[in-house]
Amino acid sequence: MARILYGKEFAARIKASAEHEALALRARGIYPRLAVIIVGSDPASEVYVRNKQKTCEELGILSDHIPMPEETTKEELLARIDALNADDHVHGILVQLPLPAALAGSEEEVLSRIDPRKDVDGFHPVNVGHLFIGTPGLRPCTPAGCIRMLEYAGIPMEGAHAVIIGRSNIVGKPMAHLLLERHATVTLCHSRTAHLAEITRAADILVAAVGRPRFVTADMVKPGATVIDVGINRIAPKQLVGDVDFDAAAEVAGAITPVPGGVGLLTVAMLMENVVQAAKAQNA
Ligand code: NDP
């Protein structure tokens, strides 16, 4: 039976380090502050935003909740971002996705409007570029949280064969770069990958970011491998499952993250770390 990598334990360590840094900043008169813009009233987004605010409060980080109506125009949203960019008291800006249907085509323009130094989601093209060339910048929270977990859990990345299923800009691609930065040999798979199971069976570290319930079956896992399940799939009103068939894969893997209770908890913790790092960099 695999070692279960519970997100709670690793998130607590990330949050403790962010709290410590926030305290040091406050001692210098700098109050780390996150502004979260939420357009419209998507119920899932509201839960995520409340969770982020609650975690800010826990760690001594100020947070501004900025609700904007469903019918907000792109110009109004951009003007709000401009105002936050210009506000020296705000260190991190986050626009909660998804945007309402009327703004869905503007996502890239909206995210690119955030000052890259305040882009705590790490989605701005400047930060994506920093990640690509390996220079300092804000890294996307979910994959960065997974890397922290691997470090804290003592799972070696250097020389390991890491296979990632999924090539999205928010998880798969940044995860590939972060693992490469830690000297893993990386294979990035997607929906057109041929012989997927053969590739995943060669993985020392297997990351599933597909968005399909229990997509990764036990026969796709190499005995002893570390399996990181990023997926969050609602299969019934109160039932969440990951992208990995957990019970069967846990019989084969060496270590595995559960869903819920795994990677999801790392994302918010890393966001806190990014806010503190942004505040620090803006006051260097
Ligand atoms: P996307 O839908 O943007 O990307 C899914 C990826 O999976 C695509 O690259 C797609 O390939 C690939 N894919 C789809 N079907 C297959 C297949 N049959 N074989 C191989 N690859 C396939 O999803 P995200 O990256 O945004 O999210 C992935 C999952 O992670 C979701 O469940 C999401 O809810 C969850 N998530 C969890 C977070 C957390 O905090 N824990 C944060 C963010 C996401 P192609 O590019 O070819 O279409």
# chains A, B, ... in the order shown; residues from 1 in each chain; ligands from 1
>>> closest_atom_pairs(of="range 5-25 of chain A", to="range 137-160 of chain A", cutoff="12 Å", atoms="only C-alpha atoms", output="Markdown table")
| residue | atom | partner | partner_atom | distance |
| --- | --- | --- | --- | --- |
| A:Leu5 | CA | A:Ala153 | CA | 7.9 |
| A:Tyr6 | CA | A:Met149 | CA | 9.4 |
| A:Gly7 | CA | A:Met149 | CA | 7.9 |
| A:Lys8 | CA | A:Met149 | CA | 10.3 |
| A:Glu9 | CA | A:Met149 | CA | 9.1 |
| A:Phe10 | CA | A:Met149 | CA | 5.8 |
| A:Ala11 | CA | A:Gly145 | CA | 8.1 |
| A:Ala12 | CA | A:Met149 | CA | 10.7 |
| A:Arg13 | CA | A:Tyr152 | CA | 8.5 |
| A:Ile14 | CA | A:Arg148 | CA | 7.8 |
| A:Lys15 | CA | A:Gly145 | CA | 10.9 |
| A:Ser17 | CA | A:Arg148 | CA | 11.7 |
>>> write_last_selection(atoms="N, CA and C atoms", output="mmCIF file, in the first residue's frame")
data_model
loop_
_atom_site.group_PDB
_atom_site.id
_atom_site.type_symbol
_atom_site.label_atom_id
_atom_site.label_comp_id
_atom_site.auth_asym_id
_atom_site.auth_seq_id
_atom_site.Cartn_x
_atom_site.Cartn_y
_atom_site.Cartn_z
ATOM 1 N N LEU A 5 -0.029 10.903 0.520
ATOM 2 C CA LEU A 5 0.479 12.271 0.681
ATOM 3 C C LEU A 5 -0.722 13.195 0.930
ATOM 4 N N TYR A 6 -1.009 13.458 2.206
ATOM 5 C CA TYR A 6 -2.147 14.308 2.542
ATOM 6 C C TYR A 6 -1.766 15.780 2.370
ATOM 7 N N GLY A 7 -2.576 16.491 1.600
ATOM 8 C CA GLY A 7 -2.278 17.897 1.321
ATOM 9 C C GLY A 7 -2.226 18.751 2.578
ATOM 10 N N LYS A 8 -3.047 18.385 3.557
ATOM 11 C CA LYS A 8 -3.160 19.196 4.769
ATOM 12 C C LYS A 8 -1.790 19.417 5.434
ATOM 13 N N GLU A 9 -1.052 18.326 5.529
ATOM 14 C CA GLU A 9 0.252 18.365 6.208
ATOM 15 C C GLU A 9 1.222 19.307 5.467
ATOM 16 N N PHE A 10 1.246 19.205 4.142
ATOM 17 C CA PHE A 10 2.198 20.007 3.368
ATOM 18 C C PHE A 10 1.715 21.461 3.250
ATOM 19 N N ALA A 11 0.398 21.626 3.124
ATOM 20 C CA ALA A 11 -0.160 22.984 3.056
ATOM 21 C C ALA A 11 0.161 23.725 4.356
ATOM 22 N N ALA A 12 0.094 23.009 5.479
ATOM 23 C CA ALA A 12 0.374 23.643 6.777
ATOM 24 C C ALA A 12 1.813 24.159 6.805
ATOM 25 N N ARG A 13 2.722 23.411 6.206
ATOM 26 C CA ARG A 13 4.126 23.851 6.191
ATOM 27 C C ARG A 13 4.319 25.068 5.299
ATOM 28 N N ILE A 14 3.650 25.059 4.142
ATOM 29 C CA ILE A 14 3.755 26.218 3.233
ATOM 30 C C ILE A 14 3.162 27.453 3.919
ATOM 31 N N LYS A 15 2.012 27.254 4.582
ATOM 32 C CA LYS A 15 1.340 28.387 5.229
ATOM 33 C C LYS A 15 2.173 28.913 6.399
ATOM 34 N N SER A 17 5.361 28.943 6.619
ATOM 35 C CA SER A 17 6.471 29.749 6.107
ATOM 36 C C SER A 17 5.950 31.097 5.591
#
>>> residues_near_ligand(ligand="ligand 1", cutoff="7 Å", atoms="only C-alpha atoms and all ligand atoms", output="PDB file with C-alpha atoms, in the first residue's frame")
ATOM      1  CA  THR A 142      -1.115  24.535  -8.188  1.00  0.00           C
ATOM      2  CA  ILE A 165      -0.876  14.046 -18.436  1.00  0.00           C
ATOM      3  CA  GLY A 166      -2.406  17.382 -19.454  1.00  0.00           C
ATOM      4  CA  ARG A 167      -0.838  20.425 -21.122  1.00  0.00           C
ATOM      5  CA  SER A 168      -2.970  23.306 -19.865  1.00  0.00           C
ATOM      6  CA  ASN A 169      -1.386  26.688 -19.205  1.00  0.00           C
ATOM      7  CA  ILE A 170      -2.411  26.600 -15.560  1.00  0.00           C
ATOM      8  CA  VAL A 171      -1.262  23.095 -14.609  1.00  0.00           C
ATOM      9  CA  GLY A 172       0.380  20.811 -17.174  1.00  0.00           C
ATOM     10  CA  CYS A 189       1.265  13.990 -22.600  1.00  0.00           C
ATOM     11  CA  HIS A 190      -2.107  15.151 -23.924  1.00  0.00           C
ATOM     12  CA  SER A 191      -5.171  13.938 -25.776  1.00  0.00           C
ATOM     13  CA  ARG A 192      -3.213  13.157 -28.970  1.00  0.00           C
ATOM     14  CA  THR A 193      -0.467  11.195 -27.218  1.00  0.00           C
ATOM     15  CA  ALA A 209      -4.127  16.922 -14.739  1.00  0.00           C
ATOM     16  CA  VAL A 210      -6.736  15.720 -17.195  1.00  0.00           C
ATOM     17  CA  GLY A 211     -10.141  16.560 -15.736  1.00  0.00           C
ATOM     18  CA  ARG A 212     -11.564  13.055 -16.276  1.00  0.00           C
ATOM     19  CA  VAL A 230      -4.450  17.249  -9.666  1.00  0.00           C
ATOM     20  CA  GLY A 231      -7.911  16.440 -11.012  1.00  0.00           C
ATOM     21  CA  ILE A 232     -11.085  17.551  -9.303  1.00  0.00           C
ATOM     22  CA  ASN A 233     -14.174  15.934 -10.797  1.00  0.00           C
ATOM     23  CA  GLY A 242      -9.627  12.773  -8.929  1.00  0.00           C
ATOM     24  CA  ASP A 243      -8.176  11.801 -12.288  1.00  0.00           C
ATOM     25  CA  VAL A 263      -3.332  18.887  -4.152  1.00  0.00           C
ATOM     26  CA  GLY A 264      -6.375  21.176  -3.761  1.00  0.00           C
ATOM     27  CA  LEU A 265      -5.169  22.310  -0.343  1.00  0.00           C
ATOM     28  CA  THR A 267      -3.027  25.692  -4.195  1.00  0.00           C
TER      29      THR A 267
END
>>> residues_around(residues="Pro125 in chain A", least_positions_apart="6", cutoff="9 Å", atoms="only C-alpha atoms", output="VMD selection string")
chain A and resid 111 to 112 116
>>> atom_distance(atom1="CA of Lys173 in chain A", atom2="CA of Leu188 in chain A")
7.7 Å
>>> atom_distance(atom1="CA of Leu97 in chain A", atom2="CA of Glu76 in chain A")
16.5 Å
>>> select_by_dssp(residues="range 68-272 of chain A", states="strand (DSSP E or B)", output="mmCIF file with N, CA and C atoms, in the first residue's frame")
data_model
loop_
_atom_site.group_PDB
_atom_site.id
_atom_site.type_symbol
_atom_site.label_atom_id
_atom_site.label_comp_id
_atom_site.auth_asym_id
_atom_site.auth_seq_id
_atom_site.Cartn_x
_atom_site.Cartn_y
_atom_site.Cartn_z
ATOM 1 N N MET A 68 -17.821 42.371 -8.664
ATOM 2 C CA MET A 68 -18.291 43.224 -9.757
ATOM 3 C C MET A 68 -19.494 42.530 -10.402
ATOM 4 N N GLY A 92 -0.839 41.935 -4.337
ATOM 5 C CA GLY A 92 -1.246 40.819 -5.193
ATOM 6 C C GLY A 92 -2.634 41.076 -5.748
ATOM 7 N N ILE A 93 -2.817 40.775 -7.043
ATOM 8 C CA ILE A 93 -4.141 40.943 -7.664
ATOM 9 C C ILE A 93 -4.524 39.623 -8.320
ATOM 10 N N LEU A 94 -5.750 39.251 -8.066
ATOM 11 C CA LEU A 94 -6.222 38.000 -8.642
ATOM 12 C C LEU A 94 -7.601 38.228 -9.239
ATOM 13 N N VAL A 95 -7.785 37.808 -10.473
ATOM 14 C CA VAL A 95 -9.114 37.860 -11.079
ATOM 15 C C VAL A 95 -9.623 36.420 -11.095
ATOM 16 N N ASP A 119 1.031 39.744 -10.051
ATOM 17 C CA ASP A 119 0.305 38.619 -10.662
ATOM 18 C C ASP A 119 0.515 37.338 -9.849
ATOM 19 N N HIS A 161 12.161 10.249 -13.967
ATOM 20 C CA HIS A 161 11.340 10.435 -15.166
ATOM 21 C C HIS A 161 9.959 10.885 -14.708
ATOM 22 N N ALA A 162 9.625 12.124 -15.029
ATOM 23 C CA ALA A 162 8.318 12.667 -14.647
ATOM 24 C C ALA A 162 7.422 12.698 -15.875
ATOM 25 N N VAL A 163 6.250 12.120 -15.758
ATOM 26 C CA VAL A 163 5.285 12.130 -16.859
ATOM 27 C C VAL A 163 4.056 12.916 -16.392
ATOM 28 N N ILE A 164 3.672 13.884 -17.202
ATOM 29 C CA ILE A 164 2.513 14.713 -16.871
ATOM 30 C C ILE A 164 1.440 14.452 -17.922
ATOM 31 N N ILE A 165 0.233 14.180 -17.476
ATOM 32 C CA ILE A 165 -0.876 14.046 -18.436
ATOM 33 C C ILE A 165 -1.692 15.331 -18.342
ATOM 34 N N THR A 185 13.568 14.393 -15.834
ATOM 35 C CA THR A 185 13.412 14.190 -17.280
ATOM 36 C C THR A 185 11.913 14.157 -17.523
ATOM 37 N N VAL A 186 11.431 15.088 -18.337
ATOM 38 C CA VAL A 186 9.991 15.332 -18.369
ATOM 39 C C VAL A 186 9.346 14.886 -19.682
ATOM 40 N N THR A 187 8.238 14.184 -19.573
ATOM 41 C CA THR A 187 7.416 13.871 -20.741
ATOM 42 C C THR A 187 6.036 14.474 -20.517
ATOM 43 N N LEU A 188 5.582 15.272 -21.471
ATOM 44 C CA LEU A 188 4.298 15.946 -21.353
ATOM 45 C C LEU A 188 3.306 15.291 -22.314
ATOM 46 N N CYS A 189 2.238 14.715 -21.765
ATOM 47 C CA CYS A 189 1.265 13.990 -22.600
ATOM 48 C C CYS A 189 -0.051 14.765 -22.694
ATOM 49 N N ILE A 205 7.572 9.714 -11.454
ATOM 50 C CA ILE A 205 6.601 10.670 -10.908
ATOM 51 C C ILE A 205 5.525 10.843 -11.979
ATOM 52 N N LEU A 206 4.289 10.555 -11.624
ATOM 53 C CA LEU A 206 3.193 10.664 -12.591
ATOM 54 C C LEU A 206 2.213 11.732 -12.107
ATOM 55 N N VAL A 207 2.009 12.744 -12.928
ATOM 56 C CA VAL A 207 1.103 13.830 -12.567
ATOM 57 C C VAL A 207 -0.112 13.762 -13.480
ATOM 58 N N ALA A 208 -1.298 13.674 -12.899
ATOM 59 C CA ALA A 208 -2.525 13.614 -13.699
ATOM 60 C C ALA A 208 -3.268 14.932 -13.585
ATOM 61 N N VAL A 216 -6.721 7.602 -14.806
ATOM 62 C CA VAL A 216 -5.480 6.834 -14.656
ATOM 63 C C VAL A 216 -5.783 5.573 -13.852
ATOM 64 N N THR A 226 5.524 7.714 -7.678
ATOM 65 C CA THR A 226 4.774 8.746 -6.950
ATOM 66 C C THR A 226 3.692 9.274 -7.880
ATOM 67 N N VAL A 227 2.462 9.245 -7.419
ATOM 68 C CA VAL A 227 1.335 9.668 -8.269
ATOM 69 C C VAL A 227 0.699 10.926 -7.667
ATOM 70 N N ILE A 228 0.696 11.991 -8.449
ATOM 71 C CA ILE A 228 0.098 13.255 -8.002
ATOM 72 C C ILE A 228 -1.174 13.483 -8.805
ATOM 73 N N ASP A 229 -2.277 13.528 -8.107
ATOM 74 C CA ASP A 229 -3.584 13.661 -8.764
ATOM 75 C C ASP A 229 -4.081 15.098 -8.609
ATOM 76 N N ASN A 233 -12.995 16.241 -9.980
ATOM 77 C CA ASN A 233 -14.174 15.934 -10.797
ATOM 78 C C ASN A 233 -15.355 15.639 -9.890
ATOM 79 N N ARG A 234 -16.443 16.351 -10.130
ATOM 80 C CA ARG A 234 -17.650 16.112 -9.336
ATOM 81 C C ARG A 234 -18.481 15.059 -10.067
ATOM 82 N N ILE A 235 -18.605 13.874 -9.463
ATOM 83 C CA ILE A 235 -19.366 12.821 -10.158
ATOM 84 C C ILE A 235 -20.781 12.673 -9.596
ATOM 85 N N ALA A 236 -21.025 13.279 -8.437
ATOM 86 C CA ALA A 236 -22.366 13.317 -7.845
ATOM 87 C C ALA A 236 -22.399 14.594 -7.015
ATOM 88 N N GLN A 239 -19.997 14.214 -4.286
ATOM 89 C CA GLN A 239 -18.843 13.317 -4.449
ATOM 90 C C GLN A 239 -17.809 13.846 -5.441
ATOM 91 N N LEU A 240 -16.615 14.121 -4.899
ATOM 92 C CA LEU A 240 -15.496 14.554 -5.729
ATOM 93 C C LEU A 240 -14.537 13.392 -5.908
ATOM 94 N N VAL A 241 -14.059 13.203 -7.130
ATOM 95 C CA VAL A 241 -12.992 12.216 -7.340
ATOM 96 C C VAL A 241 -11.909 12.858 -8.192
ATOM 97 N N VAL A 244 -7.338 9.960 -10.956
ATOM 98 C CA VAL A 244 -6.691 8.663 -10.743
ATOM 99 C C VAL A 244 -7.674 7.739 -10.020
ATOM 100 N N ALA A 255 3.796 6.281 -3.525
ATOM 101 C CA ALA A 255 3.178 7.406 -2.818
ATOM 102 C C ALA A 255 2.097 7.976 -3.716
ATOM 103 N N ILE A 256 1.039 8.484 -3.099
ATOM 104 C CA ILE A 256 -0.087 8.967 -3.910
ATOM 105 C C ILE A 256 -0.870 10.039 -3.150
#
>>> atom_distance(atom1="CA of Asn51 in chain A", atom2="CA of Ala16 in chain A")
16.9 Å
>>> residues_around(residues="Asp82 in chain A", least_positions_apart="6", cutoff="10 Å", atoms="only C-alpha atoms", output="number ranges by chain")
A: 76, 113-115
>>> write_last_selection(atoms="N, CA and C atoms", output="PDB file, in the first residue's frame")
ATOM      1  N   GLU A  76     -14.584  48.291 -17.926  1.00  0.00           N
ATOM      2  CA  GLU A  76     -14.728  48.527 -16.476  1.00  0.00           C
ATOM      3  C   GLU A  76     -13.783  47.619 -15.683  1.00  0.00           C
ATOM      4  N   ARG A 113      -3.333  42.370 -18.134  1.00  0.00           N
ATOM      5  CA  ARG A 113      -3.386  43.762 -17.672  1.00  0.00           C
ATOM      6  C   ARG A 113      -2.837  43.895 -16.248  1.00  0.00           C
ATOM      7  N   ILE A 114      -2.809  42.779 -15.518  1.00  0.00           N
ATOM      8  CA  ILE A 114      -2.306  42.815 -14.134  1.00  0.00           C
ATOM      9  C   ILE A 114      -0.798  43.083 -14.176  1.00  0.00           C
ATOM     10  N   ASP A 115      -0.353  43.993 -13.320  1.00  0.00           N
ATOM     11  CA  ASP A 115       1.090  44.246 -13.203  1.00  0.00           C
ATOM     12  C   ASP A 115       1.779  42.910 -12.896  1.00  0.00           C
TER      13      ASP A 115
END
>>> closest_residue(among="A:Glu21, A:Asp219, A:Asp121, A:Asp245", to="Arg201 in chain A", atoms="only C-alpha atoms")
A:Asp219
>>> residues_around(residues="Glu57 in chain A", least_positions_apart="5", cutoff="12 Å", atoms="only C-alpha atoms", output="list in words")
Lys15, Glu19, Ala22, Pro32, Arg33, Leu34, Arg50, Asn51, Lys52, Leu62, Ser63, Asp64 and Met272 of chain A
>>> residues_around(residues="Pro67 in chain A", least_positions_apart="5", cutoff="6 Å", atoms="only C-alpha atoms", output="PDB file with N, CA and C atoms, in the first residue's frame")
ATOM      1  N   ILE A  37     -10.680  40.072  -7.393  1.00  0.00           N
ATOM      2  CA  ILE A  37     -11.834  40.560  -8.163  1.00  0.00           C
ATOM      3  C   ILE A  37     -12.669  39.351  -8.572  1.00  0.00           C
ATOM      4  N   ILE A  38     -13.960  39.432  -8.308  1.00  0.00           N
ATOM      5  CA  ILE A  38     -14.846  38.356  -8.754  1.00  0.00           C
ATOM      6  C   ILE A  38     -15.997  38.991  -9.532  1.00  0.00           C
ATOM      7  N   VAL A  39     -16.101  38.593 -10.791  1.00  0.00           N
ATOM      8  CA  VAL A  39     -17.143  39.163 -11.652  1.00  0.00           C
ATOM      9  C   VAL A  39     -18.294  38.162 -11.760  1.00  0.00           C
TER      10      VAL A  39
END
>>> closest_residue(among="A:Arg26, A:Gly40, A:Ala101, A:Gly122", to="Leu59 in chain A", atoms="only C-alpha atoms")
A:Arg26
>>> select_by_dssp(residues="range 181-226 of chain A", states="alpha helix (DSSP H)", output="PyMOL selection string")
chain A and resi 181+196-200
